[in-house]
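The structure file entry_13.tsv is reproduced below (TSV, C-alpha atoms).
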```
chain	number	residue	atom	x	y	z
A	1	MET	CA	264.47	66.25	32.93
A	2	SER	CA	267.45	66.18	30.59
A	3	THR	CA	267.57	64.54	27.22
A	4	SER	CA	270.37	62.08	26.63
A	5	HIS	CA	272.29	62.22	23.38
A	6	VAL	CA	271.83	58.47	22.89
A	7	GLU	CA	268.07	58.82	23.32
A	8	THR	CA	267.96	61.66	20.80
A	9	LEU	CA	270.01	59.66	18.29
A	10	ASP	CA	267.78	56.60	18.77
A	11	VAL	CA	264.66	58.65	18.02
A	12	LYS	CA	266.29	60.42	15.05
A	13	ASN	CA	267.51	57.10	13.60
A	14	TRP	CA	264.02	55.63	13.99
A	15	LEU	CA	262.53	58.63	12.16
A	16	THR	CA	265.11	58.17	9.40
A	17	GLN	CA	264.01	54.53	9.09
A	18	GLN	CA	260.47	55.87	8.59
A	19	HIS	CA	261.85	58.00	5.71
A	20	ILE	CA	261.50	61.22	7.68
A	21	THR	CA	264.29	63.75	7.16
A	22	ILE	CA	264.67	65.90	10.26
A	23	SER	CA	267.44	67.77	12.05
A	24	LEU	CA	268.97	66.45	15.25
A	25	GLU	CA	268.27	69.83	16.87
A	26	TRP	CA	264.53	69.54	16.15
A	27	VAL	CA	264.39	66.03	17.61
A	28	GLU	CA	266.28	67.20	20.69
A	29	ALA	CA	263.96	70.19	21.20
A	30	CYS	CA	260.90	68.01	20.64
A	31	ILE	CA	262.04	65.46	23.22
A	32	ALA	CA	262.79	68.24	25.72
A	33	PHE	CA	259.29	69.66	25.15
A	34	LEU	CA	257.66	66.24	25.59
A	35	LYS	CA	259.59	65.53	28.78
A	36	GLN	CA	258.41	68.87	30.15
A	37	GLU	CA	254.81	68.09	29.13
A	38	TYR	CA	254.95	64.64	30.73
A	39	ALA	CA	257.04	65.66	33.75
A	40	GLY	CA	256.98	63.04	36.47
A	41	GLN	CA	255.84	60.31	34.08
A	42	PHE	CA	258.07	57.58	32.72
A	43	LEU	CA	258.29	57.66	28.94
A	44	SER	CA	259.64	54.51	27.33
A	45	LEU	CA	261.76	54.89	24.23
A	46	GLN	CA	258.90	53.53	22.10
A	47	ALA	CA	256.43	56.01	23.65
A	48	LEU	CA	258.91	58.81	23.04
A	49	LYS	CA	259.27	57.78	19.39
A	50	ASN	CA	255.49	57.76	18.98
A	51	TYR	CA	255.07	61.17	20.63
A	52	VAL	CA	257.86	62.71	18.52
A	53	TYR	CA	256.25	61.23	15.40
A	54	GLN	CA	252.88	62.74	16.38
A	55	GLN	CA	254.57	66.12	16.88
A	56	TRP	CA	256.17	65.81	13.44
A	57	LEU	CA	252.81	64.98	11.84
A	58	THR	CA	251.30	68.22	13.16
A	59	ALA	CA	254.36	70.39	12.45
A	60	ASP	CA	254.70	72.78	9.53
A	61	LEU	CA	257.46	71.15	7.48
A	62	GLU	CA	258.38	74.49	5.94
A	63	GLU	CA	259.06	75.90	9.43
A	64	ILE	CA	261.18	72.89	10.34
A	65	GLY	CA	263.27	73.71	7.28
A	66	VAL	CA	264.53	70.27	6.28
A	67	SER	CA	263.66	69.30	2.73
A	68	SER	CA	263.38	65.72	1.54
A	69	LEU	CA	263.28	66.61	-2.16
A	70	PRO	CA	266.40	67.24	-4.26
A	71	THR	CA	267.48	70.89	-4.09
A	72	ASP	CA	267.73	71.25	-7.89
A	73	LEU	CA	264.15	70.07	-8.45
A	74	PRO	CA	262.64	73.55	-9.15
A	75	THR	CA	265.03	74.06	-12.07
A	76	THR	CA	264.74	70.55	-13.47
A	77	GLN	CA	262.41	70.24	-16.46
A	78	LYS	CA	261.84	66.51	-16.32
A	79	THR	CA	263.02	63.92	-13.84
A	80	THR	CA	262.03	60.74	-12.11
A	81	LEU	CA	262.22	60.68	-8.35
A	82	ASN	CA	263.21	57.37	-6.83
A	83	GLY	CA	262.91	56.74	-3.14
A	84	TYR	CA	260.70	57.89	-0.32
A	85	PHE	CA	259.77	61.51	0.28
A	86	ALA	CA	257.81	63.00	3.16
A	87	LEU	CA	255.71	65.81	1.70
A	88	GLN	CA	253.16	68.17	3.19
A	89	VAL	CA	250.06	69.10	1.21
A	90	ASP	CA	249.26	72.80	1.57
A	91	GLY	CA	246.19	72.84	-0.63
A	92	ILE	CA	244.07	70.80	-2.97
A	93	ARG	CA	242.24	71.88	-6.10
A	94	ASP	CA	239.48	69.76	-7.60
A	95	VAL	CA	240.17	69.97	-11.32
A	96	GLY	CA	237.07	67.89	-12.07
A	97	LYS	CA	234.77	70.82	-11.25
A	98	PRO	CA	234.98	74.41	-12.49
A	99	ALA	CA	236.66	76.79	-10.05
A	100	TYR	CA	233.60	79.08	-10.07
A	101	SER	CA	231.22	76.37	-8.88
A	102	GLN	CA	233.72	75.32	-6.19
A	103	LEU	CA	233.88	78.93	-5.00
A	104	LYS	CA	230.10	79.25	-4.94
A	105	GLU	CA	229.85	75.97	-3.05
A	106	LEU	CA	232.30	77.23	-0.44
A	107	GLU	CA	230.37	80.48	-0.13
A	108	GLY	CA	227.15	78.52	0.24
A	109	SER	CA	225.59	80.25	-2.72
A	110	LEU	CA	225.65	77.48	-5.29
A	111	ASN	CA	222.50	77.58	-7.41
A	112	THR	CA	221.32	74.45	-9.12
A	113	ASP	CA	219.79	74.40	-12.59
A	114	SER	CA	216.42	73.51	-11.05
A	115	GLU	CA	216.19	77.02	-9.62
A	116	TYR	CA	216.03	78.48	-13.12
A	117	SER	CA	213.30	78.15	-15.66
A	118	SER	CA	213.00	79.21	-19.27
A	119	ALA	CA	209.25	79.71	-18.85
A	120	PRO	CA	208.04	83.34	-18.79
```

Please rewrite the model in this file as structure tokens.
Amino acid sequence: MSTSHVETLDVKNWLTQQHITISLEWVEACIAFLKQEYAGQFLSLQALKNYVYQQWLTADLEEIGVSSLPTDLPTTQKTTLNGYFALQVDGIRDVGKPAYSQLKELEGSLNTDSEYSSAP
């Protein structure tokens, strides 16, 4: 099943309204993939938008290669960003707990103070 250019533009424009920066080529490839996956089934434009959005949510934004942040941001010392930015979190660090205890907790070898005694 072929993908119409109007359909692709409609989906891309809808994503843009959701503050998602994405290339037209990615949207086109995504729609082609979805039409292959749902071959023989009618997909309304709204269903197509939802499926493309779900694909975007699970995609690696670095692989897609379209940045929503200003390109000069890494060299800027101090700035205020205004607007909407779709960002992907690659990792989280709990700064409220020492890194060592987080590591031990992940390894399953965290010892509590109750396991130690000062008695001989």

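If you measure from each of A:Leu87, A:Leu48, A:Ile64, A:Ala39 to His19 (chain A) using all atoms listed in the file, the closest one turns out to be A:Leu87.
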
Practice task
Mind giving me the straight-line distance from CA of Ala59 (chain A) to CA of Cys30 (chain A) in Å, one decimal?
Solution key: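 Between CA of Ala59 (chain A) and CA of Cys30 (chain A) the gap works out to 10.7 Å.
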
Practice task
Name the residues in contact with Val52 (chain A) at a cut-off of 12 Å, using all atoms listed in the file, excluding same-chain residues fewer than 4 positions from it; report them as a ChimeraX atom specification.
Solution key: /A:7-8,10-12,14-15,20,22,26-35,43,45-48,56-59

Practice task
Check the smallest atom-to-atom distance from each of A:Arg93, A:Tyr51, A:Ser4, A:Tyr84 to Gln17 (chain A) using only C-alpha atoms, then report the winner.
Solution key: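 Checking each candidate against Gln17 (chain A), we get A:Tyr84 as the closest.
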
Practice task
Can you work out the spacing between CA of Ser68 (chain A) and CA of Phe85 (chain A) in Å, to one decimal?
Solution key: 5.7 Å

Practice task
Give me, please, the distance in Å between CA of Thr3 (chain A) and CA of Gln41 (chain A), quoted to one decimal.
Solution key: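 That distance, rounded to one decimal, is 14.2 Å.
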
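You can rank A:Glu25, A:Val66, A:Thr80, A:Lys97 by their closest distance to His5 (chain A) using all atoms listed in the file, and at the top of that list sits A:Glu25.
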
Axis-aligned box for all listed atoms of region 57-69 of chain A, 8 Å per side, centre and edges in Å to one decimal, as JSON:
```
{"center_x": 257.9, "center_y": 70.4, "center_z": 5.5, "size_x": 29.2, "size_y": 26.9, "size_z": 31.3}
```
